[in-house]
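Q: Pasting query_9.pdb below, which is PDB, C-alpha atoms, pLDDT in the B column.
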```pdb
ATOM      1  CA  MET G 235     101.263 102.884  88.392  1.00 45.00           C
ATOM      2  CA  SER G 236     102.235 106.481  89.214  1.00 42.00           C
ATOM      3  CA  ARG G 237      99.904 108.707  91.252  1.00 48.00           C
ATOM      4  CA  ALA G 238      99.351 110.819  88.124  1.00 43.00           C
ATOM      5  CA  GLY G 239      98.390 107.675  86.207  1.00 43.00           C
ATOM      6  CA  ILE G 240      95.916 106.704  88.902  1.00 44.00           C
ATOM      7  CA  ARG G 241      94.260 110.096  88.580  1.00 44.00           C
ATOM      8  CA  ALA G 242      93.896 109.773  84.812  1.00 38.00           C
ATOM      9  CA  VAL G 243      92.529 106.223  84.880  1.00 37.00           C
ATOM     10  CA  ALA G 244      90.103 107.037  87.684  1.00 40.00           C
ATOM     11  CA  LEU G 245      88.636 110.038  85.887  1.00 37.00           C
ATOM     12  CA  GLY G 246      88.148 107.892  82.788  1.00 39.00           C
ATOM     13  CA  ALA G 247      86.223 105.348  84.825  1.00 38.00           C
ATOM     14  CA  VAL G 248      83.513 107.777  85.977  1.00 33.00           C
ATOM     15  CA  ALA G 249      81.051 106.739  83.271  1.00 32.00           C
ATOM     16  CA  VAL G 250      81.461 103.076  84.169  1.00 35.00           C
ATOM     17  CA  VAL G 251      81.265 103.053  87.940  1.00 34.00           C
ATOM     18  CA  GLY G 252      79.679 106.411  88.685  1.00 35.00           C
ATOM     19  CA  LEU G 253      82.424 107.274  91.140  1.00 31.00           C
ATOM     20  CA  VAL G 254      85.715 109.029  90.670  1.00 31.00           C
ATOM     21  CA  ALA G 255      88.731 107.393  92.185  1.00 36.00           C
ATOM     22  CA  GLY G 256      91.460 109.879  91.347  1.00 37.00           C
ATOM     23  CA  CYS G 257      92.100 113.567  91.455  1.00 37.00           C
ATOM     24  CA  GLY G 258      93.672 115.854  88.888  1.00 37.00           C
ATOM     25  CA  GLN G 259      95.554 119.014  89.642  1.00 37.00           C
ATOM     26  CA  SER G 260      93.993 122.365  88.783  1.00 35.00           C
ATOM     27  CA  ALA G 261      95.819 124.074  85.907  1.00 34.00           C
ATOM     28  CA  GLY G 262      97.756 127.118  86.951  1.00 37.00           C
ATOM     29  CA  GLN G 263      96.980 126.628  90.634  1.00 40.00           C
ATOM     30  CA  ASP G 264      99.687 127.779  92.977  1.00 41.00           C
ATOM     31  CA  GLY G 265     100.338 124.810  95.282  1.00 41.00           C
ATOM     32  CA  ALA G 266     101.231 127.128  98.132  1.00 41.00           C
ATOM     33  CA  ALA G 267      98.190 129.379  97.785  1.00 39.00           C
ATOM     34  CA  GLY G 268      95.236 128.641  99.982  1.00 41.00           C
ATOM     35  CA  ARG G 269      97.129 125.992 101.912  1.00 43.00           C
ATOM     36  CA  GLU G 270      95.927 125.577 105.427  1.00 45.00           C
ATOM     37  CA  LYS G 271      97.897 123.370 107.772  1.00 45.00           C
ATOM     38  CA  SER G 272      96.512 122.125 111.026  1.00 44.00           C
ATOM     39  CA  ALA G 273      98.352 123.409 114.066  1.00 39.00           C
ATOM     40  CA  GLY G 274      98.497 122.964 117.830  1.00 36.00           C
ATOM     41  CA  HIS G 275      97.767 119.758 119.646  1.00 36.00           C
ATOM     42  CA  GLY G 276      95.133 118.787 117.067  1.00 41.00           C
ATOM     43  CA  ALA G 277      97.825 118.451 114.392  1.00 42.00           C
ATOM     44  CA  ALA G 278      99.223 115.270 115.888  1.00 42.00           C
ATOM     45  CA  GLN G 279      96.579 112.911 117.179  1.00 45.00           C
ATOM     46  CA  GLN G 280      96.643 109.257 118.129  1.00 47.00           C
ATOM     47  CA  VAL G 281      94.456 106.367 117.032  1.00 49.00           C
ATOM     48  CA  ASP G 282      94.178 103.593 119.615  1.00 48.00           C
ATOM     49  CA  ARG G 283      93.220 100.072 118.590  1.00 46.00           C
ATOM     50  CA  ALA G 284      89.963  99.027 120.275  1.00 41.00           C
ATOM     51  CA  VAL G 285      91.016  95.416 120.706  1.00 40.00           C
ATOM     52  CA  ALA G 286      94.808  95.342 121.009  1.00 50.00           C
ATOM     53  CA  GLY G 287      96.293  91.897 120.494  1.00 68.00           C
ATOM     54  CA  ASP G 288      93.153  90.319 118.968  1.00 89.00           C
ATOM     55  CA  HIS G 289      93.991  89.031 115.483  1.00 95.00           C
ATOM     56  CA  SER G 290      90.969  86.886 114.656  1.00 95.00           C
ATOM     57  CA  TYR G 291      89.506  89.056 111.897  1.00 97.00           C
ATOM     58  CA  PRO G 292      89.621  88.630 108.097  1.00 97.00           C
ATOM     59  CA  LEU G 293      91.332  91.175 105.862  1.00 98.00           C
ATOM     60  CA  GLN G 294      88.925  93.926 104.843  1.00 97.00           C
ATOM     61  CA  LYS G 295      88.865  95.700 101.476  1.00 97.00           C
ATOM     62  CA  SER G 296      87.659  99.076 100.258  1.00 97.00           C
ATOM     63  CA  ASP G 297      83.999  99.340  99.289  1.00 96.00           C
ATOM     64  CA  ILE G 298      84.735 101.959  96.619  1.00 93.00           C
ATOM     65  CA  PRO G 299      84.285 100.564  93.070  1.00 91.00           C
ATOM     66  CA  TRP G 300      87.369 100.374  90.839  1.00 90.00           C
ATOM     67  CA  SER G 301      87.380  99.133  87.253  1.00 87.00           C
ATOM     68  CA  GLY G 302      90.990  97.926  87.196  1.00 82.00           C
ATOM     69  CA  SER G 303      93.156  95.676  89.338  1.00 84.00           C
ATOM     70  CA  PRO G 304      94.613  96.118  91.842  1.00 90.00           C
ATOM     71  CA  SER G 305      92.532  98.882  93.388  1.00 93.00           C
ATOM     72  CA  PRO G 306      94.566 101.879  94.619  1.00 93.00           C
ATOM     73  CA  PHE G 307      92.114 102.137  97.509  1.00 95.00           C
ATOM     74  CA  ASN G 308      93.749  99.140  99.225  1.00 97.00           C
ATOM     75  CA  ALA G 309      97.403  99.013 100.289  1.00 98.00           C
ATOM     76  CA  GLN G 310      99.562  96.536 102.184  1.00 98.00           C
ATOM     77  CA  VAL G 311     103.167  96.372 103.404  1.00 98.00           C
ATOM     78  CA  LYS G 312     105.193  93.583 105.063  1.00 97.00           C
ATOM     79  CA  LEU G 313     107.582  94.093 107.974  1.00 97.00           C
ATOM     80  CA  ALA G 314     110.858  92.214 108.392  1.00 96.00           C
ATOM     81  CA  ASP G 315     109.449  90.162 111.294  1.00 96.00           C
ATOM     82  CA  GLY G 316     106.591  88.795 109.185  1.00 97.00           C
ATOM     83  CA  ARG G 317     103.892  91.169 110.370  1.00 97.00           C
ATOM     84  CA  ARG G 318     101.879  93.082 107.796  1.00 98.00           C
ATOM     85  CA  VAL G 319      99.906  96.310 107.764  1.00 98.00           C
ATOM     86  CA  ALA G 320      96.959  96.892 105.440  1.00 98.00           C
ATOM     87  CA  MET G 321      94.947 100.057 104.859  1.00 98.00           C
ATOM     88  CA  HIS G 322      91.748 100.716 102.949  1.00 98.00           C
ATOM     89  CA  TYR G 323      89.272 103.502 102.299  1.00 97.00           C
ATOM     90  CA  LEU G 324      85.590 103.138 103.153  1.00 97.00           C
ATOM     91  CA  SER G 325      83.142 105.401 101.349  1.00 94.00           C
ATOM     92  CA  LYS G 326      82.072 108.398 103.463  1.00 94.00           C
ATOM     93  CA  LYS G 327      83.903 106.941 106.488  1.00 97.00           C
ATOM     94  CA  GLY G 328      87.625 107.540 105.957  1.00 96.00           C
ATOM     95  CA  LEU G 329      90.909 105.623 106.183  1.00 98.00           C
ATOM     96  CA  PHE G 330      91.106 102.310 108.077  1.00 98.00           C
ATOM     97  CA  VAL G 331      93.999 100.066 109.157  1.00 98.00           C
ATOM     98  CA  GLN G 332      94.558  96.429 110.145  1.00 97.00           C
ATOM     99  CA  ASP G 333      97.732  94.602 111.144  1.00 97.00           C
ATOM    100  CA  TYR G 334      98.485  90.923 110.568  1.00 97.00           C
ATOM    101  CA  SER G 335     100.014  88.594 113.162  1.00 96.00           C
ATOM    102  CA  PRO G 336     102.022  85.697 111.675  1.00 95.00           C
ATOM    103  CA  ARG G 337     101.682  83.872 114.995  1.00 94.00           C
ATOM    104  CA  ALA G 338      97.874  84.143 115.149  1.00 95.00           C
ATOM    105  CA  LYS G 339      97.581  83.949 111.348  1.00 95.00           C
ATOM    106  CA  GLY G 340      94.884  86.599 111.363  1.00 97.00           C
ATOM    107  CA  TRP G 341      94.207  90.318 111.160  1.00 97.00           C
ATOM    108  CA  SER G 342      93.283  92.838 113.844  1.00 97.00           C
ATOM    109  CA  LYS G 343      89.876  94.494 113.920  1.00 96.00           C
ATOM    110  CA  PRO G 344      89.728  97.400 111.416  1.00 97.00           C
ATOM    111  CA  ALA G 345      90.494 100.689 113.190  1.00 97.00           C
ATOM    112  CA  VAL G 346      89.917 104.236 111.975  1.00 97.00           C
ATOM    113  CA  VAL G 347      93.081 106.182 111.219  1.00 97.00           C
ATOM    114  CA  TYR G 348      91.262 109.213 109.824  1.00 97.00           C
ATOM    115  CA  LYS G 349      87.504 109.751 109.900  1.00 97.00           C
ATOM    116  CA  THR G 350      85.863 111.887 107.205  1.00 96.00           C
ATOM    117  CA  THR G 351      82.794 111.927 104.971  1.00 95.00           C
ATOM    118  CA  THR G 352      84.815 113.474 102.129  1.00 94.00           C
ATOM    119  CA  ASP G 353      85.382 111.280  99.052  1.00 93.00           C
ATOM    120  CA  ALA G 354      88.627 109.309  98.830  1.00 93.00           C
ATOM    121  CA  CYS G 355      91.070 110.939  96.447  1.00 90.00           C
ATOM    122  CA  GLN G 356      94.099 109.136  94.961  1.00 86.00           C
ATOM    123  CA  GLY G 357      95.613 105.930  96.286  1.00 92.00           C
ATOM    124  CA  ILE G 358      97.098 104.938  99.645  1.00 97.00           C
ATOM    125  CA  THR G 359     100.873 104.758 100.118  1.00 97.00           C
ATOM    126  CA  LEU G 360     102.440 102.543 102.816  1.00 98.00           C
ATOM    127  CA  LYS G 361     106.112 102.081 103.716  1.00 98.00           C
ATOM    128  CA  ALA G 362     107.828 100.102 106.494  1.00 98.00           C
ATOM    129  CA  LYS G 363     111.401  99.998 107.776  1.00 97.00           C
ATOM    130  CA  ASP G 364     112.995  98.782 111.010  1.00 97.00           C
ATOM    131  CA  GLY G 365     109.680  98.408 112.833  1.00 96.00           C
ATOM    132  CA  THR G 366     108.243 101.784 111.796  1.00 98.00           C
ATOM    133  CA  VAL G 367     105.275 101.960 109.413  1.00 98.00           C
ATOM    134  CA  ALA G 368     104.302 105.194 107.644  1.00 98.00           C
ATOM    135  CA  ALA G 369     101.382 105.976 105.357  1.00 98.00           C
ATOM    136  CA  PHE G 370      99.475 108.750 103.663  1.00 98.00           C
ATOM    137  CA  GLY G 371      96.054 109.070 102.074  1.00 97.00           C
ATOM    138  CA  ASP G 372      94.041 111.868 100.493  1.00 95.00           C
ATOM    139  CA  PHE G 373      90.440 113.032 100.319  1.00 95.00           C
ATOM    140  CA  GLY G 374      88.863 115.670  98.089  1.00 93.00           C
ATOM    141  CA  VAL G 375      85.528 117.473  97.939  1.00 88.00           C
ATOM    142  CA  TYR G 376      85.619 118.010  94.171  1.00 87.00           C
ATOM    143  CA  CYS G 377      87.638 115.044  92.910  1.00 78.00           C
ATOM    144  CA  ALA G 378      85.032 114.416  90.206  1.00 66.00           C
ATOM    145  CA  ASP G 379      85.820 117.845  88.784  1.00 78.00           C
ATOM    146  CA  GLY G 380      89.558 117.182  88.660  1.00 78.00           C
ATOM    147  CA  GLU G 381      90.415 119.237  91.726  1.00 85.00           C
ATOM    148  CA  PRO G 382      93.332 118.290  94.033  1.00 87.00           C
ATOM    149  CA  PRO G 383      92.822 116.855  97.542  1.00 92.00           C
ATOM    150  CA  THR G 384      91.376 119.034 100.272  1.00 93.00           C
ATOM    151  CA  GLU G 385      92.454 116.719 103.107  1.00 95.00           C
ATOM    152  CA  SER G 386      95.845 114.954 103.187  1.00 96.00           C
ATOM    153  CA  VAL G 387      96.579 112.747 106.180  1.00 97.00           C
ATOM    154  CA  ALA G 388     100.001 111.374 107.141  1.00 98.00           C
ATOM    155  CA  ALA G 389     100.257 108.622 109.765  1.00 98.00           C
ATOM    156  CA  VAL G 390     103.025 106.699 111.560  1.00 98.00           C
ATOM    157  CA  ALA G 391     103.014 103.689 113.916  1.00 98.00           C
ATOM    158  CA  THR G 392     105.757 101.763 115.718  1.00 97.00           C
ATOM    159  CA  GLY G 393     106.121  98.837 118.103  1.00 94.00           C
ATOM    160  CA  ARG G 394     102.905  96.835 118.430  1.00 93.00           C
ATOM    161  CA  LEU G 395     101.249  99.032 115.768  1.00 94.00           C
ATOM    162  CA  THR G 396      98.257  99.659 118.028  1.00 91.00           C
ATOM    163  CA  THR G 397      98.698 103.453 118.141  1.00 94.00           C
ATOM    164  CA  TRP G 398      98.971 105.741 115.110  1.00 97.00           C
ATOM    165  CA  ASP G 399     100.185 109.337 115.168  1.00 97.00           C
ATOM    166  CA  LYS G 400      98.542 111.409 112.453  1.00 97.00           C
ATOM    167  CA  HIS G 401      98.892 114.837 110.872  1.00 98.00           C
ATOM    168  CA  LEU G 402      96.315 116.565 108.667  1.00 97.00           C
ATOM    169  CA  THR G 403      97.152 119.106 105.966  1.00 95.00           C
ATOM    170  CA  LYS G 404      94.271 120.903 104.243  1.00 94.00           C
ATOM    171  CA  ASN G 405      94.020 122.302 100.702  1.00 91.00           C
ATOM    172  CA  PHE G 406      97.218 120.629  99.543  1.00 90.00           C
ATOM    173  CA  ASP G 407      98.031 118.588  96.426  1.00 88.00           C
ATOM    174  CA  GLY G 408      98.966 115.617  98.600  1.00 92.00           C
ATOM    175  CA  TRP G 409     102.163 113.897  99.707  1.00 95.00           C
ATOM    176  CA  GLU G 410     104.066 111.973  97.046  1.00 95.00           C
ATOM    177  CA  LYS G 411     106.890 110.138  98.833  1.00 97.00           C
ATOM    178  CA  ILE G 412     107.775 108.624 102.205  1.00 98.00           C
ATOM    179  CA  ALA G 413     111.355 108.191 103.445  1.00 98.00           C
ATOM    180  CA  VAL G 414     111.935 106.171 106.628  1.00 98.00           C
ATOM    181  CA  ALA G 415     115.398 106.653 108.130  1.00 98.00           C
ATOM    182  CA  ALA G 416     117.559 103.773 109.345  1.00 95.00           C
ATOM    183  CA  GLY G 417     116.369 102.532 112.707  1.00 96.00           C
ATOM    184  CA  GLY G 418     112.871 103.851 112.026  1.00 97.00           C
ATOM    185  CA  LYS G 419     113.444 106.885 114.235  1.00 97.00           C
ATOM    186  CA  LYS G 420     112.544 109.499 111.614  1.00 98.00           C
ATOM    187  CA  VAL G 421     110.040 109.669 108.743  1.00 98.00           C
ATOM    188  CA  THR G 422     109.933 112.360 106.051  1.00 98.00           C
ATOM    189  CA  PHE G 423     106.874 112.980 103.881  1.00 98.00           C
ATOM    190  CA  SER G 424     107.452 115.079 100.759  1.00 97.00           C
ATOM    191  CA  GLY G 425     105.435 116.461  97.862  1.00 94.00           C
ATOM    192  CA  GLY G 426     104.648 119.703  96.061  1.00 88.00           C
ATOM    193  CA  GLY G 427     107.852 121.279  97.306  1.00 93.00           C
ATOM    194  CA  GLU G 428     106.801 120.707 100.922  1.00 95.00           C
ATOM    195  CA  THR G 429     108.141 118.351 103.601  1.00 97.00           C
ATOM    196  CA  LEU G 430     106.695 117.006 106.838  1.00 98.00           C
ATOM    197  CA  ARG G 431     108.833 115.226 109.429  1.00 98.00           C
ATOM    198  CA  TRP G 432     107.917 112.798 112.174  1.00 98.00           C
ATOM    199  CA  THR G 433     110.375 111.631 114.835  1.00 98.00           C
ATOM    200  CA  LYS G 434     110.047 108.793 117.315  1.00 97.00           C
ATOM    201  CA  ALA G 435     111.025 111.168 120.102  1.00 96.00           C
ATOM    202  CA  ALA G 436     108.609 114.024 119.356  1.00 97.00           C
ATOM    203  CA  GLY G 437     106.060 112.792 116.814  1.00 98.00           C
ATOM    204  CA  PHE G 438     104.718 115.293 114.271  1.00 98.00           C
ATOM    205  CA  PRO G 439     105.292 119.055 114.635  1.00 94.00           C
ATOM    206  CA  GLY G 440     102.646 121.205 116.240  1.00 79.00           C
TER
END
```
For the structure just supplied, provide its representation as structure tokens.
A:
Amino acid sequence: MSRAGIRAVALGAVAVVGLVAGCGQSAGQDGAAGREKSAGHGAAQQVDRAVAGDHSYPLQKSDIPWSGSPSPFNAQVKLADGRRVAMHYLSKKGLFVQDYSPRAKGWSKPAVVYKTTTDACQGITLKAKDGTVAAFGDFGVYCADGEPPTESVAAVATGRLTTWDKHLTKNFDGWEKIAVAAGGKKVTFSGGGETLRWTKAAGFPG
């Protein structure tokens, strides 16, 4: 289902579950206006796994109700070597990640990629290529009113997948696509006429 479709279905499900899963886009809003991008060293932060190498945990799922199936609040991608990465939203807590070890046949302990008390907004997108995994997720203060995200986080991990670089963009409609270059050395996030690039050598800008 497209991201626009997720927004429409989620708004229609408010009366059933009492929560809004998607976000609409304000009519006539200039996507560039009011955009505030994080800068400096805080723009690219790292998330370290608390228990690196321990894969004895079950796969966790989002606790946010969703009337359809599958829920857009859970996402999973498989790497060429058999490993997998799964992400999920937790209500009022943020975006979490786990990675699966085919050797241990289990998942790592859930780790926080982005911590926030803001409501989850839209689904999670994950993409993997040549050992690099990239993802984005969105959060919005007024999703129930059809407003776009207020917090859009992009994240990238490589190697053992125990450390995630992240970049936060505020007051933005959200990223729409991820392109991972051959060799996994560069990732491009795009959406709303904007682009964000991550490189293995330098990470995110800022």
Q: Name the closest residue to Lys326 of chain G among the candidates G:Gly440, G:Pro304, G:Gly374, G:Gly417; distances are taken between atoms, counting all atoms listed in the file.
A: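 Selected residue with least distance to Lys326 of chain G: G:Gly374.
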Q: Tell me which protein, DNA and RNA residues are within 6 Å of Ala369 of chain G, counting all atoms listed in the file, leaving out same-chain ones fewer than 5 positions away, and put them as a ChimeraX atom specification.
A: /G:359-360,388-389
Q: Which residue, G:Thr384, G:Thr422, G:Thr433, G:Ser290, has the smallest gap to Asp333 of chain G when you use only C-alpha atoms?
A: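 The closest residue to Asp333 of chain G is G:Ser290.
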Q: Pick out the closest residue to Gly365 of chain G from this set: G:Pro292, G:Gly418, G:Pro382, G:Gly302. Count all atoms listed in the file.
A: G:Gly418
Q: Measure the distance from atom CA of Lys419 of chain G to atom CA of Lys434 of chain G in Å and round it to one decimal.
A: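 Value for the atom CA of Lys419 of chain G-atom CA of Lys434 of chain G distance: 5.0 Å.
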Q: Would you kindly translate the PyMOL selection byres ((chain G and resi 430) around 12) into the concrete residues it picks from this file, as a ChimeraX atom specification?
A: /G:271,277-278,370,386-390,400-403,408-413,420-429,431-433,437-440
Q: May I ask which of the residues G:Leu324, G:Leu329, G:Leu293, G:Ala391 is the closest one to Ala362 of chain G, counting all atoms listed in the file?
A: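 Selected residue with least distance to Ala362 of chain G: G:Ala391.
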Q: Just how far from atom CA of Val311 of chain G is atom CA of Gly371 of chain G, in Å to one decimal?
A: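 Answer for the atom CA of Gly371 of chain G to atom CA of Val311 of chain G separation: 14.6 Å.
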Q: What separation in Å, quoted to one decimal, exists between atom CA of Lys343 of chain G and atom CA of Thr366 of chain G?
A: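 Atom-to-atom, atom CA of Lys343 of chain G to atom CA of Thr366 of chain G, that is 19.9 Å.
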Q: Run through the PyMOL selection byres ((chain G and resi 307) around 9) on the given coordinates and return the selected residues as a list in words.
A: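 The output of the PyMOL selection byres ((chain G and resi 307) around 9) on this file is Ala255, Lys295, Ser296, Asp297, Ile298, Trp300, Pro304, Ser305, Pro306, Asn308, Ala309, Met321, His322, Tyr323, Leu324, Ala354, Cys355, Gln356, Gly357 and Ile358 of chain G.
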Q: Name the closest residue to Pro344 of chain G among the candidates G:Gln294, G:Val367, G:Val319, G:Thr392; distances are taken between atoms, counting all atoms listed in the file.
A: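 Answer, going by the shortest atom-to-atom distance: G:Gln294.
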Q: From (85.8, 109.5, 106.4), in the file's coordinates, out to 7 Å: which residues are reached, counting only C-alpha atoms? Answer as a PyMOL selection string.
A: chain G and resi 326-329+348-352
Q: How big is the axis-aligned box around the listed atoms of segment 293-296 of chain G once 3 Å is added on each side, and where is its centre? Give both in Å to one decimal, as lines of an AutoDock Vina configuration file.
A:
```
center_x = 89.5
center_y = 95.1
center_z = 103.1
size_x = 9.7
size_y = 13.9
size_z = 11.6
```
Q: Since the input is missing atoms for segment 398-420 of chain G, could you rebuild it with N, CA and C atoms and give the result as an mmCIF file, in the frame of the given file?
A:
```cif
data_model
loop_
_atom_site.group_PDB
_atom_site.id
_atom_site.type_symbol
_atom_site.label_atom_id
_atom_site.label_comp_id
_atom_site.auth_asym_id
_atom_site.auth_seq_id
_atom_site.Cartn_x
_atom_site.Cartn_y
_atom_site.Cartn_z
ATOM 1 N N TRP G 398 98.513 105.013 116.290
ATOM 2 C CA TRP G 398 98.971 105.741 115.110
ATOM 3 C C TRP G 398 98.977 107.243 115.387
ATOM 4 N N ASP G 399 100.115 107.876 115.151
ATOM 5 C CA ASP G 399 100.185 109.337 115.168
ATOM 6 C C ASP G 399 99.731 109.818 113.796
ATOM 7 N N LYS G 400 98.992 110.913 113.754
ATOM 8 C CA LYS G 400 98.542 111.409 112.453
ATOM 9 C C LYS G 400 98.662 112.924 112.372
ATOM 10 N N HIS G 401 98.767 113.405 111.138
ATOM 11 C CA HIS G 401 98.892 114.837 110.872
ATOM 12 C C HIS G 401 98.049 115.161 109.646
ATOM 13 N N LEU G 402 97.198 116.173 109.765
ATOM 14 C CA LEU G 402 96.315 116.565 108.667
ATOM 15 C C LEU G 402 96.771 117.877 108.043
ATOM 16 N N THR G 403 96.861 117.888 106.713
ATOM 17 C CA THR G 403 97.152 119.106 105.966
ATOM 18 C C THR G 403 95.984 119.365 105.027
ATOM 19 N N LYS G 404 95.428 120.571 105.068
ATOM 20 C CA LYS G 404 94.271 120.903 104.243
ATOM 21 C C LYS G 404 94.668 121.709 103.004
ATOM 22 N N ASN G 405 93.845 121.547 101.948
ATOM 23 C CA ASN G 405 94.020 122.302 100.702
ATOM 24 C C ASN G 405 95.445 122.195 100.168
ATOM 25 N N PHE G 406 95.848 120.959 99.935
ATOM 26 C CA PHE G 406 97.218 120.629 99.543
ATOM 27 C C PHE G 406 97.140 119.549 98.475
ATOM 28 N N ASP G 407 98.065 119.559 97.518
ATOM 29 C CA ASP G 407 98.031 118.588 96.426
ATOM 30 C C ASP G 407 98.282 117.153 96.872
ATOM 31 N N GLY G 408 98.751 116.969 98.084
ATOM 32 C CA GLY G 408 98.966 115.617 98.600
ATOM 33 C C GLY G 408 100.434 115.237 98.646
ATOM 34 N N TRP G 409 100.787 114.387 99.609
ATOM 35 C CA TRP G 409 102.163 113.897 99.707
ATOM 36 C C TRP G 409 102.434 112.906 98.589
ATOM 37 N N GLU G 410 103.696 112.836 98.161
ATOM 38 C CA GLU G 410 104.066 111.973 97.046
ATOM 39 C C GLU G 410 105.040 110.867 97.439
ATOM 40 N N LYS G 411 105.873 111.121 98.451
ATOM 41 C CA LYS G 411 106.890 110.138 98.833
ATOM 42 C C LYS G 411 107.018 110.037 100.354
ATOM 43 N N ILE G 412 107.475 108.858 100.793
ATOM 44 C CA ILE G 412 107.775 108.624 102.205
ATOM 45 C C ILE G 412 109.203 108.098 102.303
ATOM 46 N N ALA G 413 109.997 108.677 103.191
ATOM 47 C CA ALA G 413 111.355 108.191 103.445
ATOM 48 C C ALA G 413 111.475 107.868 104.932
ATOM 49 N N VAL G 414 111.756 106.596 105.238
ATOM 50 C CA VAL G 414 111.935 106.171 106.628
ATOM 51 C C VAL G 414 113.427 105.989 106.876
ATOM 52 N N ALA G 415 113.964 106.712 107.845
ATOM 53 C CA ALA G 415 115.398 106.653 108.130
ATOM 54 C C ALA G 415 115.773 105.335 108.795
ATOM 55 N N ALA G 416 117.050 104.990 108.718
ATOM 56 C CA ALA G 416 117.559 103.773 109.345
ATOM 57 C C ALA G 416 117.219 103.773 110.830
ATOM 58 N N GLY G 417 116.763 102.630 111.314
ATOM 59 C CA GLY G 417 116.369 102.532 112.707
ATOM 60 C C GLY G 417 114.924 102.916 112.946
ATOM 61 N N GLY G 418 114.274 103.476 111.914
ATOM 62 C CA GLY G 418 112.871 103.851 112.026
ATOM 63 C C GLY G 418 112.594 105.004 112.965
ATOM 64 N N LYS G 419 113.622 105.803 113.265
ATOM 65 C CA LYS G 419 113.444 106.885 114.235
ATOM 66 C C LYS G 419 112.961 108.189 113.618
ATOM 67 N N LYS G 420 112.997 108.275 112.277
ATOM 68 C CA LYS G 420 112.544 109.499 111.614
ATOM 69 C C LYS G 420 111.869 109.153 110.294
#
```
